[in-house]
Each structure stands twice: as C-alpha cells, then as structure tokens.
Amino acid sequence: MLVPKQASPRLNPCTRYNSDGSRCTQLTPRLDGWCGNCHGFRDPEPAFPHVPSRRPSSRRHANWTPTGGAPDELDFGDVALTHRAVTSYAAHHRCTSDEAALELKSMIEDFALHPYTKSWSNEEDALRSLTNGGYRLLFNDDWTVLRGYSPGSHLERTWAQVKVGVPTREPRFDPTHRMAGPAWYYALEAELGTPVRVAWNAATLFVHTTKGDRLKQRNARTYLPEIATRVRAAVDGWDGSEGRHVLEDGHPEPRAWTLVKEPGRAPIVCTVAFPESRAAAA
Ligand SMILES: [Zn+2]
C-alpha cells in the first residue's frame, strides 16, 4: 500500500525506533519511512502528546447507528482530506502534515478492505464514520471527504503499528501488566499447558474474530483447547530470540499470533490476526 509501484523501489534507511529506544537499522522502500519490521515509533522515548480534544458528548454518541461493514461506495483511492483531519493525526502521532496525509490515505484503504471495520451513520449531522481497533475515521455523508480522525484510547501508536501487534509504550500498559483478565482464564490457560502464556486480550480477540462469540467462563472449555493447539503450533516456528514475532499456526483457517519476548521477561502471545498474506491479497 505504501510501497511505490516501480519495479525496483528505492531503499532508504528506516526512520523509526524500537520500544527500547534503539534506532532501527533496516532499509525500506516504504514512503512512510517505516520498515514495518521494527516497532515503528517516531521518537526513541515515549512522549505522549497532550492533544487538546473535544470529548464527544453523550448526545453526539447517541446519534450514531451501526450500518455494517465498510460501504461499497467508499472509493478509498479518491477521498479528500480536510485540514482538520490531517492536523489531528499529525498532533496525535507527532508527524508532519505530509506524513499524516500519507498515513491517513493508507489507513482509509486498510479500513475499507478490513473484515472487522464497522461503519456508522449519523443522519442528524449528515456524517459517516468507520471504526476499527478503537480508531475512528469521520467522513461526510457520501464518503468522499475525510472530516476527522480519532485514535480513541491509543495515546501514541498508529493504526499501522497496532495492526501488526506493536505493543504500547504507555506505562499503564507496561508489559509486566499484560496479564490483564480474569483469574479463571489464567487458571484454565495454565492447565492447558501452552508453551508460552497467552494474554487474555489475544484469547478474547481470537474468540471474537474467529468464533463470533465472547469468551466467558462458561464457554472457555469450548474455545481454549483450540487456542492452545494453535499457539503450540505457532510457537514451534519461534527461534527463541527476543523481539516481536508474528507466527502463523498452520491451521486450515490460519491465524498469525504475535509473540513478544522482552529482555528478562517471559514470552507472551499478545495478539492474533489474519495472516499478512491475506491482507496483502486484499
Ligand atoms: Zn524499522
């Protein structure tokens, strides 16, 4: 998407940083300057920007009704961007307007093609929106103009980072606290003996996206054995090295599990997604 169409794209050094503050040393043809393999942070240290944002009032929320997935009439290659949308993105993600415009265009395309994107309609204000992963793109009523951008609860990471499972640097989501979730889940998860811990977040996401269900204590024994089997197969492909590893499980309906191993910490599977090959084919 961000790769130029020329046969031999020009390679430049990746401009981004890893979570530990180290500068990435890889080369990339991508126009956004990110190689896509490192953590992709623009700054070596987390610097959560204080972006003045108007908290959506309950009235504004109340007027939105769900309208299904991304609409066919959204011509993602031809959406105009308002100054407001671009400056909002640039302020949240500490980038230039040019970078913001490029990444918003890519994000609109991703949202238009992504199976979990939801669309919303606000008839009163003649607005439309797309949501995915907590992010929100605000459009005019015929989907031709991007009017606004909200990263939701994401303080720093872009959609592109979250999409590939880059963990947050927010202190409240410190990796040592990734074991969020109910005790019964971790008890059962331990009983199944997966080779690495599977975060509650990854298990609930799998059940939601693959089974169309919500993971509860009463249905956990239905779903967790499959998760354990898939994770066991995925972890077979891990070489034991540190960093972030996206591992496919080889299942007939494959999923890609993101395993994170940080220095001095136990490895953990923190999220799950469709394999990249599927996204690339879209
Ligand atoms: Zn990089």
# chains A, B, ... in the order shown; residues from 1 in each chain; ligands from 1

$ residues_around --residues "Arg16 of chain A" --least-positions-apart "6" --cutoff "9 Å" --atoms "only C-alpha atoms" --output "PDB file with C-alpha atoms, in the first residue's frame"
ATOM      1  CA  SER A  22      17.116   1.800  19.747  1.00  0.00           C
ATOM      2  CA  ARG A  23      17.203   3.200  16.225  1.00  0.00           C
ATOM      3  CA  CYS A  24      16.127   0.774  13.526  1.00  0.00           C
ATOM      4  CA  THR A  25      18.911  -0.073  11.068  1.00  0.00           C
ATOM      5  CA  GLY A  33       9.771   5.676   6.275  1.00  0.00           C
ATOM      6  CA  TRP A  34       8.927   2.634   8.395  1.00  0.00           C
ATOM      7  CA  CYS A  35      10.395  -0.754   7.506  1.00  0.00           C
ATOM      8  CA  CYS A  38      10.765  -2.813  13.919  1.00  0.00           C
ATOM      9  CA  HIS A  39       8.356  -1.258  16.446  1.00  0.00           C
ATOM     10  CA  GLY A  40       7.922   1.830  14.267  1.00  0.00           C
ATOM     11  CA  PHE A  41       7.939   4.584  16.906  1.00  0.00           C
ATOM     12  CA  ARG A  42       8.841   8.058  15.660  1.00  0.00           C
ATOM     13  CA  ASP A  43      10.632   9.003  18.869  1.00  0.00           C
ATOM     14  CA  PRO A  44      13.134   6.996  20.902  1.00  0.00           C
TER      15      PRO A  44
END

$ residues_around --residues "Pro275 of chain A" --least-positions-apart "4" --cutoff "10 Å" --atoms "only C-alpha atoms" --output "MDAnalysis selection string"
chainID A and resid 164 246:249 253:257 279:280

$ atom_distance --atom1 "atom CA of Ser153 of chain A" --atom2 "atom CA of Leu127 of chain A"
21.6 Å

$ closest_residue --among "A:Thr222, A:Thr168, A:Thr210, A:Thr229" --to "Pro195 of chain A" --atoms "only C-alpha atoms"
A:Thr229

$ residues_around --residues "Ser121 of chain A" --least-positions-apart "5" --cutoff "12 Å" --atoms "only C-alpha atoms" --output "list in words"
Arg60, His61, Ala62, Asn63, Trp64, Thr65, Pro66, Thr67, Gly68, Gly69, Ala70, Pro71, Ala126, Leu127, Arg128, Ser129, Leu130, Thr131, Leu137, Leu138, Phe139, Asn140, Asp141, Asp142 and Trp143 of chain A

$ write_last_selection --atoms "C-alpha atoms" --output "CSV table (one decimal), in the first residue's frame"
chain,number,residue,atom,x,y,z
A,60,ARG,CA,-23.0,13.1,19.8
A,61,HIS,CA,-22.6,9.4,20.6
A,62,ALA,CA,-26.3,8.9,20.8
A,63,ASN,CA,-26.9,9.9,17.2
A,64,TRP,CA,-24.7,7.2,15.7
A,65,THR,CA,-26.2,4.0,14.4
A,66,PRO,CA,-24.3,1.0,13.1
A,67,THR,CA,-24.6,0.3,9.4
A,68,GLY,CA,-22.5,-2.8,8.9
A,69,GLY,CA,-19.0,-3.1,7.4
A,70,ALA,CA,-17.1,-0.7,5.1
A,71,PRO,CA,-19.5,0.5,2.4
A,126,ALA,CA,-25.1,14.1,7.9
A,127,LEU,CA,-21.9,12.3,8.9
A,128,ARG,CA,-20.5,8.8,8.4
A,129,SER,CA,-17.7,7.0,10.2
A,130,LEU,CA,-15.6,3.9,10.2
A,131,THR,CA,-14.2,2.3,13.3
A,137,LEU,CA,-12.4,7.9,10.8
A,138,LEU,CA,-15.1,10.6,10.3
A,139,PHE,CA,-16.5,11.2,6.8
A,140,ASN,CA,-19.0,13.4,5.1
A,141,ASP,CA,-22.3,11.8,4.1
A,142,ASP,CA,-21.2,10.4,0.7
A,143,TRP,CA,-17.8,9.1,1.9

$ select_by_dssp --residues "segment 67-225 of chain A" --states "helix (DSSP H, G or I)" --output "ChimeraX atom specification"
/A:76-78,83-93,97-113,159-163,171-173,175-177,183-191,200-211,220-225

$ closest_residue --among "A:Leu224, A:Ala266, A:Ala190, A:Cys14" --to "Leu27 of chain A" --atoms "only C-alpha atoms"
A:Cys14

$ closest_residue --among "A:Leu155, A:Ser106, A:Gly148, A:Gly240" --to "Thr87 of chain A" --atoms "only C-alpha atoms"
A:Gly148

$ closest_residue --among "A:Gly181, A:Gly193, A:Gly250, A:Pro167" --to "Gln217 of chain A" --atoms "only C-alpha atoms"
A:Gly181

$ atom_distance --atom1 "atom CA of Ala202 of chain A" --atom2 "atom CA of Val272 of chain A"
5.7 Å

$ residues_around --residues "Arg218 of chain A" --least-positions-apart "4" --cutoff "12 Å" --atoms "only C-alpha atoms" --output "ChimeraX atom specification"
/A:184-185,188,213-214,222-224

$ write_last_selection --atoms "C-alpha atoms" --output "PDB file, in the first residue's frame"
ATOM      1  CA  TRP A 184     -10.304 -18.226  35.882  1.00  0.00           C
ATOM      2  CA  TYR A 185      -8.905 -17.578  32.419  1.00  0.00           C
ATOM      3  CA  LEU A 188      -7.511 -22.729  32.643  1.00  0.00           C
ATOM      4  CA  ASP A 213     -18.543 -15.155  20.384  1.00  0.00           C
ATOM      5  CA  ARG A 214     -17.489 -13.552  23.639  1.00  0.00           C
ATOM      6  CA  THR A 222     -15.026 -24.940  24.265  1.00  0.00           C
ATOM      7  CA  TYR A 223     -12.559 -22.449  22.867  1.00  0.00           C
ATOM      8  CA  LEU A 224      -9.337 -22.605  24.861  1.00  0.00           C
TER       9      LEU A 224
END

$ residues_around --residues "Ala85 of chain A" --least-positions-apart "2" --cutoff "10 Å" --atoms "only C-alpha atoms" --output "list in words"
Leu81, Thr82, His83, Thr87, Ser88, Tyr89, Ala90, Ser97, Ala100, Ala101, Leu104, Leu137, Leu138, Phe139, Val145, Leu146, Arg147, Gly148, Tyr149 and Ser150 of chain A

$ closest_residue --among "A:Gly134, A:Val166, A:Phe111, A:Leu259" --to "ligand 1" --atoms "only C-alpha atoms and all ligand atoms"
A:Val166

$ residues_around --residues "Glu226 of chain A" --least-positions-apart "4" --cutoff "12 Å" --atoms "only C-alpha atoms" --output "list in words"
Glu189, Leu192, Thr194, Ala203, Phe206, Val207, Thr210, Lys211, Ala220, Arg221, Thr222, Arg230, Val231, Arg232, Ala233, Asp249, His251, Glu253 and Arg255 of chain A

$ select_by_dssp --residues "segment 31-278 of chain A" --states "strand (DSSP E or B)" --output "ChimeraX atom specification"
/A:41,65-66,80-81,118-122,127-132,135-140,145-150,197-198,243-248,256-261,268-273

$ residues_around --residues "Val196 of chain A" --least-positions-apart "2" --cutoff "8 Å" --atoms "only C-alpha atoms" --output "short mmCIF file (atom, residue, chain, number, x, y, z; two decimals) with C-alpha atoms, in the first residue's frame"
data_model
loop_
_atom_site.label_atom_id
_atom_site.label_comp_id
_atom_site.auth_asym_id
_atom_site.auth_seq_id
_atom_site.Cartn_x
_atom_site.Cartn_y
_atom_site.Cartn_z
CA THR A 194 0.65 -23.81 26.28
CA VAL A 198 -1.47 -16.36 26.01
CA VAL A 235 5.40 -21.25 18.83
CA ALA A 266 8.73 -14.37 29.93
CA PRO A 267 7.50 -14.56 26.36
CA ILE A 268 3.81 -13.87 25.86
CA VAL A 269 1.39 -14.09 22.97
#
